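Visitor: What follows is entry.tsv, made up of TSV, C-alpha atoms:
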chain	number	residue	atom	x	y	z
A	1	MET	CA	15.97	21.68	-0.83
A	2	TYR	CA	13.59	20.76	-3.65
A	3	TYR	CA	12.22	17.75	-1.74
A	4	ILE	CA	11.76	19.82	1.43
A	5	TRP	CA	10.02	22.59	-0.52
A	6	LYS	CA	7.70	20.10	-2.23
A	7	ALA	CA	6.83	18.38	1.08
A	8	ARG	CA	6.14	21.78	2.65
A	9	ASN	CA	3.69	22.69	-0.16
A	10	CYS	CA	1.90	19.35	0.18
A	11	ILE	CA	1.48	19.88	3.94
A	12	ILE	CA	0.02	23.37	3.37
A	13	HIS	CA	-2.51	21.94	0.90
A	14	SER	CA	-3.28	18.89	3.11
A	15	GLU	CA	-1.92	16.49	0.51
A	16	PRO	CA	0.20	13.35	1.03
A	17	TYR	CA	3.82	14.38	1.48
A	18	MET	CA	7.29	12.85	1.49
A	19	GLN	CA	8.46	11.80	4.95
A	20	PRO	CA	11.87	12.98	6.27
A	21	SER	CA	13.32	9.47	5.95
A	22	ALA	CA	12.24	9.32	2.30
A	23	ILE	CA	13.73	12.78	1.65
A	24	ILE	CA	17.06	11.57	3.03
A	25	ILE	CA	16.99	8.39	0.94
A	26	HIS	CA	16.13	10.36	-2.21
A	27	THR	CA	18.86	12.92	-1.53
A	28	LEU	CA	21.53	10.27	-0.95
A	29	SER	CA	20.40	8.41	-4.06
A	30	ASP	CA	20.62	11.56	-6.18
A	31	ALA	CA	24.11	12.25	-4.83
A	32	GLU	CA	25.46	8.88	-5.98
A	33	PRO	CA	27.88	9.13	-8.93
A	34	GLY	CA	26.03	8.71	-12.22
A	35	ASN	CA	22.62	9.16	-10.62
A	36	TRP	CA	22.08	12.87	-11.28
A	37	ASN	CA	19.11	12.14	-13.57
A	38	VAL	CA	17.45	9.63	-11.26
A	39	GLN	CA	14.66	12.03	-10.21
A	40	ARG	CA	13.39	12.36	-13.76
A	41	ASN	CA	12.42	8.71	-14.02
A	42	HIS	CA	12.12	7.79	-10.36
A	43	GLN	CA	8.80	6.86	-8.78
A	44	SER	CA	7.46	9.21	-6.14
A	45	ILE	CA	7.67	8.14	-2.51
A	46	TRP	CA	4.77	9.62	-0.57
A	47	THR	CA	3.10	8.75	2.69
A	48	SER	CA	-0.08	9.88	4.39
A	49	PRO	CA	-0.34	13.04	6.52
A	50	PRO	CA	1.36	12.85	9.94
A	51	VAL	CA	1.76	9.22	11.00
A	52	GLY	CA	0.30	9.97	14.41
A	53	ARG	CA	-3.03	11.04	12.86
A	54	PRO	CA	-4.08	8.39	10.32
A	55	VAL	CA	-7.56	8.83	8.85
A	56	PRO	CA	-10.12	6.50	10.57
A	57	ILE	CA	-12.23	5.96	7.43
A	58	TRP	CA	-11.47	4.33	4.10
A	59	LEU	CA	-11.11	6.84	1.28
A	60	PRO	CA	-11.28	5.98	-2.43
A	61	PRO	CA	-8.35	6.74	-4.76
A	62	SER	CA	-8.45	9.43	-7.43
A	63	PHE	CA	-9.97	8.61	-10.82
A	64	GLY	CA	-7.70	6.33	-12.81
A	65	TRP	CA	-5.87	5.05	-9.72
A	66	LEU	CA	-6.39	1.80	-7.80
A	67	LYS	CA	-6.04	1.34	-4.06
A	68	ILE	CA	-4.44	-1.81	-2.65
A	69	ASN	CA	-5.19	-2.41	1.03
A	70	PHE	CA	-3.17	-5.07	2.82
A	71	ASP	CA	-3.22	-6.67	6.26
A	72	GLY	CA	-1.94	-9.68	8.14
A	73	SER	CA	-3.72	-11.81	10.72
A	74	VAL	CA	-1.70	-13.72	13.31
A	75	HIS	CA	-3.62	-16.40	15.23
A	76	PRO	CA	-2.32	-18.40	18.23
A	77	ASN	CA	-1.25	-21.36	16.09
A	78	THR	CA	1.28	-22.05	13.34
A	79	ILE	CA	-0.77	-20.42	10.58
A	80	VAL	CA	-1.14	-16.76	9.73
A	81	GLY	CA	-3.25	-15.13	7.03
A	82	LEU	CA	-2.21	-12.60	4.43
A	83	GLY	CA	-4.96	-10.46	2.95
A	84	CYS	CA	-5.35	-7.73	0.37
A	85	THR	CA	-8.09	-5.94	-1.57
A	86	ILE	CA	-7.98	-3.80	-4.70
A	87	ARG	CA	-10.63	-1.12	-5.22
A	88	ASP	CA	-11.20	1.65	-7.76
A	89	HIS	CA	-12.20	5.33	-7.47
A	90	ASP	CA	-15.85	4.37	-6.93
A	91	GLY	CA	-14.90	2.14	-4.02
A	92	SER	CA	-15.90	-0.92	-6.05
A	93	LEU	CA	-14.03	-4.07	-5.14
A	94	ILE	CA	-12.13	-5.45	-8.11
A	95	ILE	CA	-10.38	-8.38	-6.47
A	96	ALA	CA	-9.60	-9.70	-2.98
A	97	LYS	CA	-7.05	-12.35	-2.15
A	98	GLY	CA	-6.08	-14.11	1.05
A	99	THR	CA	-3.57	-16.88	1.56
A	100	PRO	CA	-2.27	-18.75	4.62
A	101	ILE	CA	1.42	-19.11	5.39
A	102	ARG	CA	3.42	-20.61	8.23
A	103	ARG	CA	3.80	-18.39	11.26
A	104	ARG	CA	5.98	-15.30	10.93
A	105	SER	CA	6.51	-12.24	13.10
A	106	VAL	CA	3.66	-9.74	13.05
A	107	ASN	CA	5.78	-7.16	11.23
A	108	MET	CA	6.93	-9.55	8.52
A	109	THR	CA	3.37	-10.81	8.10
A	110	GLU	CA	2.32	-7.26	7.23
A	111	VAL	CA	5.22	-6.86	4.79
A	112	ARG	CA	4.37	-10.18	3.13
A	113	SER	CA	0.75	-9.02	2.82
A	114	ALA	CA	1.97	-5.94	0.96
A	115	LEU	CA	3.92	-8.19	-1.38
A	116	LEU	CA	0.79	-10.27	-2.00
A	117	GLY	CA	-1.16	-7.10	-2.83
A	118	ILE	CA	1.35	-5.61	-5.25
A	119	THR	CA	1.82	-9.01	-6.91
A	120	LEU	CA	-1.94	-9.29	-7.38
A	121	ALA	CA	-1.96	-5.82	-8.92
A	122	LYS	CA	0.37	-6.83	-11.76
A	123	ASP	CA	-2.63	-7.71	-13.95
A	124	PHE	CA	-3.76	-4.07	-13.76
A	125	MET	CA	-0.41	-2.37	-14.43
A	126	ASN	CA	-1.35	-1.32	-17.97
A	127	SER	CA	-4.84	-0.05	-17.16
A	128	THR	CA	-4.17	2.35	-14.29
A	129	LEU	CA	-2.36	5.62	-13.66
A	130	GLY	CA	-0.91	4.26	-10.44
A	131	PHE	CA	-1.48	2.44	-7.16
A	132	ILE	CA	-2.00	3.50	-3.57
A	133	LEU	CA	-0.57	0.79	-1.34
A	134	GLU	CA	-2.24	1.21	2.02
A	135	GLY	CA	-1.92	-0.59	5.35
A	136	ASP	CA	-2.26	-0.02	9.10
A	137	SER	CA	1.28	-1.14	9.99
A	138	ALA	CA	3.76	1.70	10.51
A	139	PHE	CA	6.59	-0.82	10.22
A	140	ALA	CA	5.36	-2.13	6.86
A	141	CYS	CA	4.82	1.37	5.43
A	142	ALA	CA	8.29	2.46	6.57
A	143	THR	CA	9.75	-0.70	5.04
A	144	LEU	CA	7.98	-0.04	1.73
A	145	ASN	CA	9.28	3.53	1.63
A	146	ARG	CA	12.80	2.28	2.34
A	147	ILE	CA	12.54	-0.29	-0.45
A	148	LEU	CA	11.28	2.36	-2.86
A	149	GLY	CA	14.34	4.37	-1.92
A	150	GLY	CA	16.56	1.50	-3.08
A	151	VAL	CA	17.46	0.05	0.33
A	152	HIS	CA	16.38	-3.57	0.66
A	153	GLY	CA	17.56	-7.10	1.43
A	154	GLY	CA	16.16	-10.61	1.83
A	155	ASP	CA	13.80	-12.53	-0.42
A	156	VAL	CA	10.60	-10.70	0.58
A	157	GLU	CA	12.10	-7.22	0.21
A	158	GLU	CA	13.79	-8.18	-3.06
A	159	GLY	CA	10.41	-9.39	-4.36
A	160	LEU	CA	8.77	-6.13	-3.31
A	161	ALA	CA	11.53	-4.07	-4.92
A	162	GLY	CA	11.03	-5.86	-8.24
A	163	SER	CA	7.24	-5.53	-8.16
A	164	LEU	CA	7.24	-1.89	-7.07
A	165	LYS	CA	9.68	-1.02	-9.81
A	166	ASP	CA	7.14	-2.20	-12.40
A	167	CYS	CA	4.37	0.07	-11.08
A	168	PRO	CA	3.53	3.13	-13.21
A	169	ARG	CA	3.32	5.26	-10.07
A	170	ILE	CA	3.08	4.24	-6.43
A	171	MET	CA	1.96	5.95	-3.23
A	172	ILE	CA	2.39	4.44	0.24
A	173	THR	CA	-0.12	5.43	2.94
A	174	LEU	CA	-0.55	4.53	6.59
A	175	ILE	CA	-4.15	4.37	7.80
A	176	ASP	CA	-6.08	3.76	10.98
A	177	ARG	CA	-6.89	0.08	11.56
A	178	ARG	CA	-10.61	0.91	11.46
A	179	ALA	CA	-10.21	1.96	7.83
A	180	ASN	CA	-8.63	-1.36	6.89
A	181	SER	CA	-11.53	-3.65	7.80
A	182	ALA	CA	-11.95	-5.27	4.38
A	183	ALA	CA	-8.31	-6.36	4.12
A	184	ASN	CA	-8.43	-7.50	7.74
A	185	PHE	CA	-11.49	-9.65	7.03
A	186	VAL	CA	-9.75	-11.25	4.06
A	187	ALA	CA	-6.61	-11.91	6.14
A	188	ASN	CA	-8.67	-13.52	8.91
A	189	SER	CA	-10.50	-15.68	6.38
A	190	ALA	CA	-7.14	-16.78	4.96
A	191	CYS	CA	-6.12	-18.28	8.30
A	192	THR	CA	-8.36	-21.25	7.54
A	193	SER	CA	-8.16	-21.44	3.73
A	194	ASP	CA	-7.19	-19.60	0.57
A	195	PHE	CA	-9.59	-16.75	-0.16
A	196	LEU	CA	-10.13	-15.36	-3.65
A	197	TRP	CA	-12.89	-13.05	-4.81
A	198	GLU	CA	-13.03	-11.51	-8.28
A	199	ARG	CA	-15.56	-9.03	-9.66
A	200	GLY	CA	-18.69	-10.89	-10.72
A	201	MET	CA	-18.44	-13.59	-8.06
A	202	PRO	CA	-20.95	-13.77	-5.15
A	203	GLN	CA	-19.63	-12.03	-2.05
A	204	SER	CA	-19.90	-13.23	1.53
A	205	HIS	CA	-22.40	-11.28	3.60
A	206	ALA	CA	-19.66	-10.16	5.99
A	207	LEU	CA	-17.47	-8.73	3.24
A	208	SER	CA	-20.46	-7.06	1.56
A	209	PHE	CA	-21.34	-5.39	4.87
A	210	ILE	CA	-17.80	-4.07	5.35
A	211	LEU	CA	-17.68	-2.69	1.81
A	212	SER	CA	-21.07	-1.04	2.18
A	213	LYS	CA	-19.95	0.56	5.44
A	214	ASP	CA	-16.88	1.97	3.68
A	215	SER	CA	-19.12	3.32	0.91
A	216	VAL	CA	-21.29	5.14	3.43
A	217	ALA	CA	-18.16	6.68	4.99
A	218	MET	CA	-17.11	7.94	1.53
Using structure tokens, write down the structure from this file.

Guide:
Amino acid sequence: MYYIWKARNCIIHSEPYMQPSAIIIHTLSDAEPGNWNVQRNHQSIWTSPPVGRPVPIWLPPSFGWLKINFDGSVHPNTIVGLGCTIRDHDGSLIIAKGTPIRRRSVNMTEVRSALLGITLAKDFMNSTLGFILEGDSAFACATLNRILGGVHGGDVEEGLAGSLKDCPRIMITLIDRRANSAANFVANSACTSDFLWERGMPQSHALSFILSKDSVAM
């Protein structure tokens, strides 16, 4: 009842709220023997407002938080690209990383991109209040919520579970593909070679344009 009440209040105030599947996972977890205190120390599992209406523009995180956008690019060959960006409350790009891997399913490519993003964020664990992990794949966001709820299996999901556990606080959001252009650009670039950009390095004109467009939308 507490989780339902909290989700209801978030909906009224147009804030990110816990999805029904996450409420069920949390409730079952709390009901496990010896887990009655799990809520006190457990990370919050939140997703964006109704999945059918993702926001079509990129929005910056709150002050003190960092936003990790992730995406995967599948080309008609044996290589796919994983891409992620990390930005702060001003919308400033802190780091962007893309890496090629051998072909995987579209869904697993997105999940692997999320793992790349949260792994990249480890260097910022001690300097942020929390992370917003954001992508345009409903499958990946549902998978991340399930993993946060303690249900996972396989190497990729096990890696995500370990990395997410280390986060101070984590929020999972599903967005419109149009709001994920920067991560998509990085993923596409990674189909041909590794891509790494860190603050202070010269940016490509294409990436600069995408970031400036997001800033205007803010």

Visitor: Which neighbours of Asn184 of chain A fall inside 7 Å, counting only C-alpha atoms, when residues of the same chain fewer than 6 positions from it are skipped, and could you give them as number ranges by chain?

Guide: A: 71-72, 83

Visitor: I'd like the interatomic distance between atom CA of Trp65 of chain A and atom CA of Gly130 of chain A, to a tenth of an Å.

Guide: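 Distance reported for this atom pair: 5.1 Å.
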
Visitor: If we count all atoms listed in the file and set the cut-off at 7 Å, which residues sit around Asn107 of chain A, ignoring sequence neighbours fewer than 3 positions away in its own chain? Please answer as a VMD selection string.

Guide: chain A and resid 110 to 111 139 to 140

Visitor: Can you pull out the residues contacting Thr109 of chain A? Cut-off 10 Å, using all atoms listed in the file, and skip same-chain residues under 3 positions away; I want them as a PyMOL selection string.

Guide: chain A and resi 71-74+80-83+101-106+112-115+140

Visitor: To one decimal place in Å, what is the distance between atom CA of Pro60 of chain A and atom CA of His152 of chain A?

Guide: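 For atom CA of Pro60 of chain A relative to atom CA of His152 of chain A, the distance reads 29.4 Å.
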
Visitor: Quick one: residues within 10 Å of Thr192 of chain A, only C-alpha atoms counted, chain neighbours fewer than 2 positions away excluded, as a list in words?

Guide: Ile79, Val80, Gly81, Gly98, Thr99, Pro100, Ala187, Asn188, Ser189, Ala190, Asp194 and Phe195 of chain A

Visitor: Taking 4 positions as the minimum chain separation for residues in the same chain, which residues sit within 12 Å of Cys167 of chain A when counting all atoms listed in the file? Answer as a list of chain:residue names.

Guide: A:His42, A:Gln43, A:Ser44, A:Trp65, A:Leu66, A:Ile118, A:Thr119, A:Leu120, A:Ala121, A:Lys122, A:Asp123, A:Phe124, A:Met125, A:Asn126, A:Ser127, A:Thr128, A:Leu129, A:Gly130, A:Phe131, A:Ile132, A:Leu133, A:Leu148, A:Leu160, A:Ala161, A:Gly162, A:Ser163, A:Met171

Visitor: Quote the spacing between atom CA of Arg8 of chain A and atom CA of Ile170 of chain A in Å to one decimal place.

Guide: 20.0 Å

Visitor: Restricting the calculation to all atoms listed in the file: of A:Ala96, A:Glu134, A:Leu144, A:His75, which residue gets closest to Asp176 of chain A?

Guide: A:Glu134

Visitor: Which protein, DNA or RNA residues are at most 10 Å from (-4.8, -1.2, 9.8) in the file's coordinates when you count only C-alpha atoms, listed as number ranges by chain?

Guide: A: 54, 56, 69-72, 110, 134-138, 174-184

Visitor: Which residue out of A:Ser14, A:Asp214, A:Gly150, A:Ala142 has the minimum interatomic distance to Lys165 of chain A when only C-alpha atoms are used?

Guide: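 Looking at the shortest contact to Lys165 of chain A, the residue is A:Gly150.
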
Visitor: Rebuild segment 178-214 of chain A so that it carries N, CA and C atoms, then output the result as a short mmCIF file (atom, residue, chain, number, x, y, z; two decimals), keeping the file's coordinate frame.

Guide:
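Once everything was written out, this is rebuild_5.cif:
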data_model
loop_
_atom_site.label_atom_id
_atom_site.label_comp_id
_atom_site.auth_asym_id
_atom_site.auth_seq_id
_atom_site.Cartn_x
_atom_site.Cartn_y
_atom_site.Cartn_z
N ARG A 178 -9.16 0.93 11.73
CA ARG A 178 -10.61 0.91 11.46
C ARG A 178 -10.92 1.12 9.99
N ALA A 179 -9.99 1.71 9.25
CA ALA A 179 -10.21 1.96 7.83
C ALA A 179 -9.71 0.80 6.97
N ASN A 180 -9.22 -0.23 7.62
CA ASN A 180 -8.63 -1.36 6.89
C ASN A 180 -9.42 -2.65 7.13
N SER A 181 -10.70 -2.51 7.40
CA SER A 181 -11.53 -3.65 7.80
C SER A 181 -11.65 -4.72 6.72
N ALA A 182 -11.76 -4.30 5.45
CA ALA A 182 -11.95 -5.27 4.38
C ALA A 182 -10.73 -6.17 4.23
N ALA A 183 -9.54 -5.56 4.22
CA ALA A 183 -8.31 -6.36 4.12
C ALA A 183 -8.13 -7.24 5.34
N ASN A 184 -8.52 -6.72 6.51
CA ASN A 184 -8.43 -7.50 7.74
C ASN A 184 -9.34 -8.72 7.69
N PHE A 185 -10.56 -8.53 7.17
CA PHE A 185 -11.49 -9.65 7.03
C PHE A 185 -10.91 -10.74 6.12
N VAL A 186 -10.33 -10.30 5.01
CA VAL A 186 -9.75 -11.25 4.06
C VAL A 186 -8.58 -12.00 4.71
N ALA A 187 -7.75 -11.28 5.47
CA ALA A 187 -6.61 -11.91 6.14
C ALA A 187 -7.07 -12.92 7.18
N ASN A 188 -8.12 -12.58 7.93
CA ASN A 188 -8.67 -13.52 8.91
C ASN A 188 -9.24 -14.75 8.24
N SER A 189 -9.93 -14.55 7.12
CA SER A 189 -10.50 -15.68 6.38
C SER A 189 -9.40 -16.59 5.86
N ALA A 190 -8.25 -16.01 5.53
CA ALA A 190 -7.14 -16.78 4.96
C ALA A 190 -6.45 -17.66 5.99
N CYS A 191 -6.73 -17.43 7.27
CA CYS A 191 -6.12 -18.28 8.30
C CYS A 191 -6.63 -19.71 8.25
N THR A 192 -7.79 -19.91 7.63
CA THR A 192 -8.36 -21.25 7.54
C THR A 192 -8.27 -21.82 6.13
N SER A 193 -8.24 -20.95 5.12
CA SER A 193 -8.16 -21.44 3.73
C SER A 193 -7.81 -20.29 2.80
N ASP A 194 -7.42 -20.63 1.58
CA ASP A 194 -7.19 -19.60 0.57
C ASP A 194 -8.49 -18.86 0.28
N PHE A 195 -8.41 -17.56 0.11
CA PHE A 195 -9.59 -16.75 -0.16
C PHE A 195 -9.35 -15.98 -1.45
N LEU A 196 -10.24 -16.12 -2.41
CA LEU A 196 -10.13 -15.36 -3.65
C LEU A 196 -11.51 -14.91 -4.08
N TRP A 197 -11.65 -13.60 -4.28
CA TRP A 197 -12.89 -13.05 -4.81
C TRP A 197 -12.53 -12.16 -5.99
N GLU A 198 -13.21 -12.35 -7.11
CA GLU A 198 -13.03 -11.51 -8.28
C GLU A 198 -14.37 -10.90 -8.65
N ARG A 199 -14.33 -9.75 -9.28
CA ARG A 199 -15.56 -9.03 -9.66
C ARG A 199 -16.47 -9.97 -10.45
N GLY A 200 -17.73 -10.00 -10.06
CA GLY A 200 -18.69 -10.89 -10.72
C GLY A 200 -19.02 -12.12 -9.91
N MET A 201 -18.19 -12.43 -8.91
CA MET A 201 -18.44 -13.59 -8.06
C MET A 201 -19.33 -13.17 -6.88
N PRO A 202 -20.14 -14.10 -6.34
CA PRO A 202 -20.95 -13.77 -5.15
C PRO A 202 -20.05 -13.44 -3.96
N GLN A 203 -20.41 -12.41 -3.22
CA GLN A 203 -19.63 -12.03 -2.05
C GLN A 203 -20.23 -12.62 -0.79
N SER A 204 -19.39 -12.83 0.22
CA SER A 204 -19.90 -13.23 1.53
C SER A 204 -20.65 -12.05 2.12
N HIS A 205 -21.61 -12.34 2.98
CA HIS A 205 -22.40 -11.28 3.60
C HIS A 205 -21.52 -10.36 4.44
N ALA A 206 -20.53 -10.95 5.12
CA ALA A 206 -19.66 -10.16 5.99
C ALA A 206 -18.84 -9.16 5.17
N LEU A 207 -18.26 -9.62 4.07
CA LEU A 207 -17.47 -8.73 3.24
C LEU A 207 -18.34 -7.65 2.60
N SER A 208 -19.54 -8.03 2.15
CA SER A 208 -20.46 -7.06 1.56
C SER A 208 -20.81 -5.96 2.57
N PHE A 209 -21.01 -6.36 3.82
CA PHE A 209 -21.34 -5.39 4.87
C PHE A 209 -20.18 -4.41 5.09
N ILE A 210 -18.97 -4.92 5.15
CA ILE A 210 -17.80 -4.07 5.35
C ILE A 210 -17.65 -3.08 4.20
N LEU A 211 -17.81 -3.57 2.98
CA LEU A 211 -17.68 -2.69 1.81
C LEU A 211 -18.77 -1.63 1.77
N SER A 212 -19.98 -2.01 2.15
CA SER A 212 -21.07 -1.04 2.18
C SER A 212 -20.84 0.01 3.25
N LYS A 213 -20.27 -0.39 4.36
CA LYS A 213 -19.95 0.56 5.44
C LYS A 213 -18.90 1.56 4.98
N ASP A 214 -17.90 1.07 4.23
CA ASP A 214 -16.88 1.97 3.68
C ASP A 214 -17.51 2.96 2.70
#
